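Peer 1: First the structure, which I've put down as structure tokens, then a few questions once you've had a look.
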Amino acid sequence: MDVVTIGETMVLFIPTSVGPLRYAGQFEKSIGGAESNVAIGLSRLGHQCGWISRLGQDEFGLYVRNYIRGEGVDTSQVIFDEQHATAVFFKERQIRQEPKISYYRKNSAASEMTPNDLNEEYIAKAKFLHITGITPALSSSCQETIFQAIRLAKKNAVTVVFDPNIRLKLWSPKEAKVTLMNIAGESDIVLPGLEEGFILTGEMKPESIASQLIEHGAKLVVVKLGAGGAYYANQTETGLVPGFTVEQIVDPIGAGDAFAAGLLSGLLRGFPLPEAVKLANQVGSYALTVAGDVEGLPFWSQVNPNRKPVVYR
């Protein structure tokens with residue numbers, strides 16, 4: 001197993017029309033969840049991934065599981081919950097603006113995850129454990145689950161990758177900073193955006209954000225700069241990798257997850273760090289071109305057309 005990830009995936013409804021949801025009459029159905037987005041992105045790039053979560057024992061839960069499994073991601077660690085439902089969310093499409101998101105996830109099945117849901121042997125088989133700052137914000141038991149997952153990963157020499165992915169609809173900046181800095185300090189690789197870096201460190205510059213997070217315990221920090229590319233730093237190396245030009249941005253949501261998938265793919269392939277960050281920027285740019293969270297994630301043949309697809313086992 002290359003990567004194991006943990007988190008909530010919801011059913012996503014996107015209206016076929018632009019404008020307020022109250023006027024929308026028809027919707028397209030898909031899925032969305034930061035962690036499963038990364039797993040699907042990595043699967044399309046030729047890697048073996050597993051996704052840990054809870055889903056409702058309902059039609060939406062089966063839909064989510066089948067969708068993710070159909071993308072080649074292992075879902076053997078997914079638990080179906082008869083007492084709690086699968087969450088849903090809606091994207092309100094707006095012209096020349098980021099979509100407006102409405103979540104219906106309170107008391108969802110995924111928010112009931114506990115440390116007992118984790119299989120140490122399963123996590124120990126992975127090279128990377130990917131986590132985000134969304135899961136610990138869902139509930140106290142989810143927060144305990146993430147910290148337990150980190151402990152199990154570190155015990156078994158699994159590299160911990162942390163994307164803060166701060167959702168201020170779930171908690172306050174103060175609450176987020178305390179918990180997420182604790183997670184960052186236990187993680188090997190941290191992937192903040194500029195705004196997230198400011199919330200966590202109080203710094204505005206990518207160099208200062210990275211420096212603080214490395215002092216806090218991270219071995220590698222990659223700060224996502226949007227169109228500006230990405231800044232990376234570890235104990236011995238720093239650099240800025242330019243972004244890729246996207247002619248028309250349809251939806252920026254999910255681009256950070258695609259970035260993480262690209263970076264991990266590069267690291268799994270043994271790319272030099274600048275090349276891994278370049279691949280991350282490239283994969284992230286694909287996600288900007290579609291309305292859904294996962295539909296734009298590229299396959300290995302798309303990002304490396306001159307190379308034969310490689311499947312790592």
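Chain labels follow the order of the structure tokens: the first chain is A, the next B, and so on; residue numbering restarts at 1 in every chain, and ligands are counted from 1 in their shown order.
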DSSP on the backbone: what in stretch 7-242 of chain A comes out strand (DSSP E), as a ChimeraX atom specification?
Peer 2: /A:10-15,27-32,49-52,54-56,79-81,88-92,100-104,128-132,159-163,189-190,220-224,230-234,238-241
Peer 1: Skip A:Thr236 itself and residues of its chain fewer than 4 positions away, then list as number ranges by chain all residues within 12 Å of it, counting only C-alpha atoms.
Peer 2: A: 211, 214, 219-221, 232, 273
Peer 1: Rank A:Val161, A:Ile209, A:Ala137, A:Cys142 by their smallest atom-to-atom distance to A:Leu180, using only C-alpha atoms, and report the top residue only.
Peer 2: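 Ranking A:Val161, A:Ile209, A:Ala137, A:Cys142 by distance to A:Leu180, first place goes to A:Ala137.
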Peer 1: Between A:Arg151, A:His84, A:Arg69, A:Arg93, which residue has the minimum interatomic distance to A:Val18, considering only C-alpha atoms?
Peer 2: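 Looking at the shortest contact to A:Val18, the residue is A:Arg93.
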Peer 1: What's the 8 Å shell around A:Glu8, counting only C-alpha atoms, without same-chain residues fewer than 6 positions away, as a ChimeraX atom specification?
Peer 2: /A:33-36,53-54,110-111,135
Peer 1: Hey, can you spit out that residue selection with N, CA, C and O atoms as a short mmCIF file (atom, residue, chain, number, x, y, z; two decimals), in the first residue's frame?
Peer 2:
```cif
data_model
loop_
_atom_site.label_atom_id
_atom_site.label_comp_id
_atom_site.auth_asym_id
_atom_site.auth_seq_id
_atom_site.Cartn_x
_atom_site.Cartn_y
_atom_site.Cartn_z
N GLY A 33 -14.75 14.90 -0.85
CA GLY A 33 -14.13 14.71 0.45
C GLY A 33 -12.63 14.83 0.26
O GLY A 33 -12.07 14.16 -0.60
N ALA A 34 -11.98 15.71 1.01
CA ALA A 34 -10.57 16.01 0.77
C ALA A 34 -9.71 14.76 0.71
O ALA A 34 -8.87 14.59 -0.18
N GLU A 35 -9.93 13.87 1.67
CA GLU A 35 -9.06 12.69 1.76
C GLU A 35 -9.31 11.71 0.63
O GLU A 35 -8.36 11.18 0.03
N SER A 36 -10.57 11.45 0.32
CA SER A 36 -10.85 10.54 -0.81
C SER A 36 -10.45 11.18 -2.13
O SER A 36 -10.09 10.47 -3.09
N SER A 53 -12.99 5.33 6.73
CA SER A 53 -14.07 6.26 7.06
C SER A 53 -15.27 5.49 7.60
O SER A 53 -15.25 4.26 7.71
N ARG A 54 -16.30 6.26 7.94
CA ARG A 54 -17.63 5.72 8.23
C ARG A 54 -18.63 6.32 7.25
O ARG A 54 -18.54 7.50 6.91
N ALA A 110 -19.64 9.78 9.52
CA ALA A 110 -18.19 9.99 9.62
C ALA A 110 -17.82 10.72 10.90
O ALA A 110 -16.72 10.50 11.44
N SER A 111 -18.70 11.57 11.40
CA SER A 111 -18.39 12.31 12.65
C SER A 111 -18.36 11.39 13.86
O SER A 111 -17.94 11.79 14.95
N THR A 135 -11.02 16.51 9.44
CA THR A 135 -11.50 15.41 10.28
C THR A 135 -11.50 15.74 11.77
O THR A 135 -12.50 15.50 12.46
#
```
Peer 1: Residues within 10 Å of A:Gln143, please, as a list in words. Count only C-alpha atoms; anything in the same chain fewer than 4 positions from it doesn't count.
Peer 2: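 Everything that qualifies: Ser111, Met113, Thr114, Pro115, Gly133, Ile134, Thr135, Pro136, Ala137, Leu138, Ser139, Phe147, Gln148, Ala149, Thr179 and Ile183 of chain A.
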Peer 1: What would the file look like if the residues just selected were written as an mmCIF file, in the first residue's frame with N, CA, C and O atoms?
Peer 2:
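Dumped to selection-v2.cif:
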```
data_model
loop_
_atom_site.group_PDB
_atom_site.id
_atom_site.type_symbol
_atom_site.label_atom_id
_atom_site.label_comp_id
_atom_site.auth_asym_id
_atom_site.auth_seq_id
_atom_site.Cartn_x
_atom_site.Cartn_y
_atom_site.Cartn_z
ATOM 1 N N SER A 111 -18.698 11.574 11.404
ATOM 2 C CA SER A 111 -18.393 12.308 12.647
ATOM 3 C C SER A 111 -18.364 11.387 13.859
ATOM 4 O O SER A 111 -17.938 11.786 14.946
ATOM 5 N N MET A 113 -16.621 8.542 13.904
ATOM 6 C CA MET A 113 -15.404 7.736 13.893
ATOM 7 C C MET A 113 -14.723 7.768 15.264
ATOM 8 O O MET A 113 -14.717 8.794 15.939
ATOM 9 N N THR A 114 -14.145 6.640 15.653
ATOM 10 C CA THR A 114 -13.438 6.535 16.928
ATOM 11 C C THR A 114 -12.100 5.842 16.699
ATOM 12 O O THR A 114 -11.902 5.173 15.669
ATOM 13 N N PRO A 115 -11.173 5.949 17.645
ATOM 14 C CA PRO A 115 -9.885 5.251 17.509
ATOM 15 C C PRO A 115 -10.040 3.743 17.322
ATOM 16 O O PRO A 115 -9.173 3.105 16.699
ATOM 17 N N GLY A 133 -6.960 18.688 8.240
ATOM 18 C CA GLY A 133 -7.513 19.387 9.396
ATOM 19 C C GLY A 133 -9.026 19.391 9.435
ATOM 20 O O GLY A 133 -9.611 19.952 10.371
ATOM 21 N N ILE A 134 -9.661 18.777 8.446
ATOM 22 C CA ILE A 134 -11.124 18.715 8.451
ATOM 23 C C ILE A 134 -11.607 17.691 9.465
ATOM 24 O O ILE A 134 -12.496 17.967 10.278
ATOM 25 N N THR A 135 -11.020 16.511 9.439
ATOM 26 C CA THR A 135 -11.503 15.411 10.284
ATOM 27 C C THR A 135 -11.498 15.743 11.773
ATOM 28 O O THR A 135 -12.502 15.500 12.456
ATOM 29 N N PRO A 136 -10.425 16.306 12.334
ATOM 30 C CA PRO A 136 -10.450 16.602 13.768
ATOM 31 C C PRO A 136 -11.449 17.682 14.161
ATOM 32 O O PRO A 136 -11.767 17.829 15.343
ATOM 33 N N ALA A 137 -11.968 18.417 13.178
ATOM 34 C CA ALA A 137 -12.967 19.452 13.467
ATOM 35 C C ALA A 137 -14.382 18.896 13.525
ATOM 36 O O ALA A 137 -15.304 19.579 13.975
ATOM 37 N N LEU A 138 -14.579 17.653 13.086
ATOM 38 C CA LEU A 138 -15.928 17.094 12.998
ATOM 39 C C LEU A 138 -16.502 16.733 14.365
ATOM 40 O O LEU A 138 -17.706 16.865 14.592
ATOM 41 N N SER A 139 -15.658 16.248 15.271
ATOM 42 C CA SER A 139 -16.115 15.837 16.601
ATOM 43 C C SER A 139 -14.907 15.519 17.459
ATOM 44 O O SER A 139 -13.786 15.352 16.950
ATOM 45 N N PHE A 147 -5.361 11.648 16.078
ATOM 46 C CA PHE A 147 -4.145 11.563 16.891
ATOM 47 C C PHE A 147 -3.710 10.103 17.084
ATOM 48 O O PHE A 147 -2.517 9.805 17.102
ATOM 49 N N GLN A 148 -4.680 9.202 17.203
ATOM 50 C CA GLN A 148 -4.334 7.781 17.303
ATOM 51 C C GLN A 148 -3.731 7.286 15.998
ATOM 52 O O GLN A 148 -2.756 6.499 16.014
ATOM 53 N N ALA A 149 -4.268 7.718 14.878
ATOM 54 C CA ALA A 149 -3.717 7.324 13.580
ATOM 55 C C ALA A 149 -2.269 7.795 13.444
ATOM 56 O O ALA A 149 -1.405 7.052 12.934
ATOM 57 N N THR A 179 -5.276 23.022 17.828
ATOM 58 C CA THR A 179 -5.308 21.602 17.467
ATOM 59 C C THR A 179 -4.429 21.304 16.261
ATOM 60 O O THR A 179 -3.659 20.331 16.256
ATOM 61 N N ILE A 183 -1.097 18.882 15.585
ATOM 62 C CA ILE A 183 -0.981 17.858 14.538
ATOM 63 C C ILE A 183 0.235 18.126 13.659
ATOM 64 O O ILE A 183 0.993 17.212 13.334
#
```
Peer 1: What's around A:Thr16 at 10 Å? Count only C-alpha atoms, leave out sequence neighbours fewer than 6 positions away in its own chain, and write the answer as a ChimeraX atom specification.
Peer 2: /A:24-28,92-93
Peer 1: Go through A:Val294, A:Gly70, A:Gly185, A:Leu279 and flag the residue nearest A:Leu12, using only C-alpha atoms for the distances.
Peer 2: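 Nearest candidate to A:Leu12 out of A:Val294, A:Gly70, A:Gly185, A:Leu279: A:Val294.
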Peer 1: Record the distance separating atom CA of A:Gln97 and atom CA of A:Thr132, expressed in Å with one decimal.
Peer 2: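 Interatomic distance, atom CA of A:Gln97 to atom CA of A:Thr132: 24.9 Å.
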Peer 1: Using only C-alpha atoms for the distances, tell me which of A:Ala255, A:Leu267, A:Thr238, A:Val190 is nearest to A:His216.
Peer 2: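 Closest to A:His216 of all the choices is A:Val190.
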Peer 1: Write out as a PyMOL selection string which residues come within 12 Å of A:Asp188 when counting only C-alpha atoms, dropping same-chain ones fewer than 3 positions away.
Peer 2: chain A and resi 128-131+150+153-154+157-163+183-185+191+213-222+234-235
Peer 1: Apply DSSP to the backbone of this structure and, from stretch 181-264 of chain A, keep only the residues in helix (DSSP H, G or I); write these as a ChimeraX atom specification.
Peer 2: /A:181-186,194-201,206-216,226-228,255-264
Peer 1: Restricted to N, CA and C atoms, what would the selected residues look like written as a compact mmCIF listing (two decimals), in the first residue's frame?
Peer 2:
```txt
# COMPACT_ATOMS: atom_id res chain seq x y z
N MET A 181 -1.87 22.97 15.02
CA MET A 181 -0.43 23.11 15.27
C MET A 181 0.09 21.89 16.03
N ASN A 182 -0.75 21.31 16.89
CA ASN A 182 -0.35 20.07 17.56
C ASN A 182 -0.17 18.95 16.54
N ILE A 183 -1.10 18.88 15.58
CA ILE A 183 -0.98 17.86 14.54
C ILE A 183 0.23 18.13 13.66
N ALA A 184 0.44 19.38 13.30
CA ALA A 184 1.59 19.74 12.45
C ALA A 184 2.90 19.36 13.11
N GLY A 185 2.95 19.53 14.42
CA GLY A 185 4.17 19.20 15.14
C GLY A 185 4.47 17.71 15.17
N GLU A 186 3.46 16.89 14.93
CA GLU A 186 3.62 15.44 14.91
C GLU A 186 3.75 14.90 13.49
N LEU A 194 -1.45 29.75 1.85
CA LEU A 194 -0.97 30.98 2.48
C LEU A 194 -1.87 31.41 3.64
N GLU A 195 -3.18 31.41 3.42
CA GLU A 195 -4.10 31.83 4.47
C GLU A 195 -4.05 30.88 5.65
N GLU A 196 -3.95 29.59 5.36
CA GLU A 196 -3.84 28.60 6.44
C GLU A 196 -2.55 28.79 7.21
N GLY A 197 -1.49 29.08 6.48
CA GLY A 197 -0.20 29.32 7.13
C GLY A 197 -0.26 30.51 8.06
N PHE A 198 -1.01 31.54 7.66
CA PHE A 198 -1.15 32.72 8.51
C PHE A 198 -1.93 32.38 9.78
N ILE A 199 -3.02 31.62 9.63
CA ILE A 199 -3.81 31.23 10.80
C ILE A 199 -2.97 30.42 11.78
N LEU A 200 -2.14 29.54 11.24
CA LEU A 200 -1.35 28.65 12.10
C LEU A 200 -0.15 29.34 12.72
N THR A 201 0.53 30.20 11.97
CA THR A 201 1.80 30.75 12.45
C THR A 201 1.78 32.26 12.68
N PRO A 206 5.61 32.95 2.71
CA PRO A 206 5.79 31.49 2.69
C PRO A 206 7.07 31.02 3.35
N GLU A 207 8.15 31.81 3.20
CA GLU A 207 9.42 31.43 3.82
C GLU A 207 9.29 31.40 5.34
N SER A 208 8.59 32.38 5.91
CA SER A 208 8.43 32.46 7.36
C SER A 208 7.48 31.37 7.87
N ILE A 209 6.41 31.10 7.09
CA ILE A 209 5.47 30.03 7.45
C ILE A 209 6.21 28.70 7.51
N ALA A 210 6.98 28.42 6.46
CA ALA A 210 7.71 27.15 6.40
C ALA A 210 8.72 27.04 7.53
N SER A 211 9.42 28.12 7.79
CA SER A 211 10.44 28.12 8.84
C SER A 211 9.84 27.80 10.20
N GLN A 212 8.70 28.43 10.51
CA GLN A 212 8.06 28.19 11.80
C GLN A 212 7.59 26.75 11.93
N LEU A 213 7.00 26.22 10.86
CA LEU A 213 6.49 24.85 10.92
C LEU A 213 7.62 23.83 11.04
N ILE A 214 8.75 24.10 10.41
CA ILE A 214 9.91 23.22 10.53
C ILE A 214 10.46 23.28 11.96
N GLU A 215 10.53 24.46 12.53
CA GLU A 215 10.96 24.60 13.92
C GLU A 215 10.01 23.86 14.85
N HIS A 216 8.75 23.78 14.44
CA HIS A 216 7.73 23.12 15.27
C HIS A 216 7.78 21.60 15.17
N GLY A 226 -1.23 29.07 -5.03
CA GLY A 226 -2.18 29.27 -6.12
C GLY A 226 -1.47 29.42 -7.45
N ALA A 227 -1.83 30.46 -8.18
CA ALA A 227 -1.22 30.70 -9.48
C ALA A 227 0.28 30.95 -9.37
N GLY A 228 0.73 31.33 -8.18
CA GLY A 228 2.16 31.58 -7.97
C GLY A 228 2.99 30.34 -7.80
N ALA A 255 -8.50 21.67 -5.72
CA ALA A 255 -7.17 21.83 -6.32
C ALA A 255 -6.08 21.50 -5.31
N GLY A 256 -6.29 21.86 -4.04
CA GLY A 256 -5.30 21.54 -3.02
C GLY A 256 -5.14 20.05 -2.80
N ASP A 257 -6.25 19.32 -2.92
CA ASP A 257 -6.20 17.86 -2.78
C ASP A 257 -5.45 17.25 -3.97
N ALA A 258 -5.71 17.79 -5.15
CA ALA A 258 -4.99 17.32 -6.34
C ALA A 258 -3.50 17.61 -6.20
N PHE A 259 -3.17 18.76 -5.66
CA PHE A 259 -1.77 19.13 -5.40
C PHE A 259 -1.11 18.09 -4.50
N ALA A 260 -1.79 17.73 -3.42
CA ALA A 260 -1.24 16.73 -2.49
C ALA A 260 -1.02 15.40 -3.18
N ALA A 261 -1.98 14.99 -4.02
CA ALA A 261 -1.84 13.73 -4.76
C ALA A 261 -0.62 13.78 -5.68
N GLY A 262 -0.44 14.90 -6.37
CA GLY A 262 0.71 15.04 -7.27
C GLY A 262 2.03 15.01 -6.52
N LEU A 263 2.09 15.71 -5.39
CA LEU A 263 3.32 15.73 -4.60
C LEU A 263 3.68 14.33 -4.11
N LEU A 264 2.69 13.62 -3.54
CA LEU A 264 2.95 12.28 -3.03
C LEU A 264 3.33 11.33 -4.15
```
Peer 1: Please compute the atom CA of A:Leu225-atom CA of A:Lys205 distance, one decimal, in Å.
Peer 2: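 Going from atom CA of A:Leu225 over to atom CA of A:Lys205, I get 10.3 Å.
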Peer 1: Determine, counting only C-alpha atoms, which protein, DNA and RNA residues have an atom within 12 Å of an atom of A:Asp58; residues of the same chain fewer than 5 positions away are not included. Present the result as number ranges by chain.
Peer 2: A: 11, 63-65, 80-87, 108-109
Peer 1: Could you state the separation of atom CA of A:Phe89 and atom CA of A:Arg105 in Å, given to one decimal place?
Peer 2: 7.7 Å
Peer 1: Using only C-alpha atoms, pick whichever of A:Tyr103, A:Phe90, A:Tyr231, A:Trp171 has the shortest atom-to-atom distance to A:Leu21.
Peer 2: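 Result for the nearest residue to A:Leu21: A:Phe90.
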Peer 1: Taking into account only C-alpha atoms, which residue in the set A:Leu297, A:Ala176, A:Ile14, A:Leu240 is nearest to A:Ile101?
Peer 2: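 Residue with the minimum atom-to-atom distance to A:Ile101: A:Ile14.
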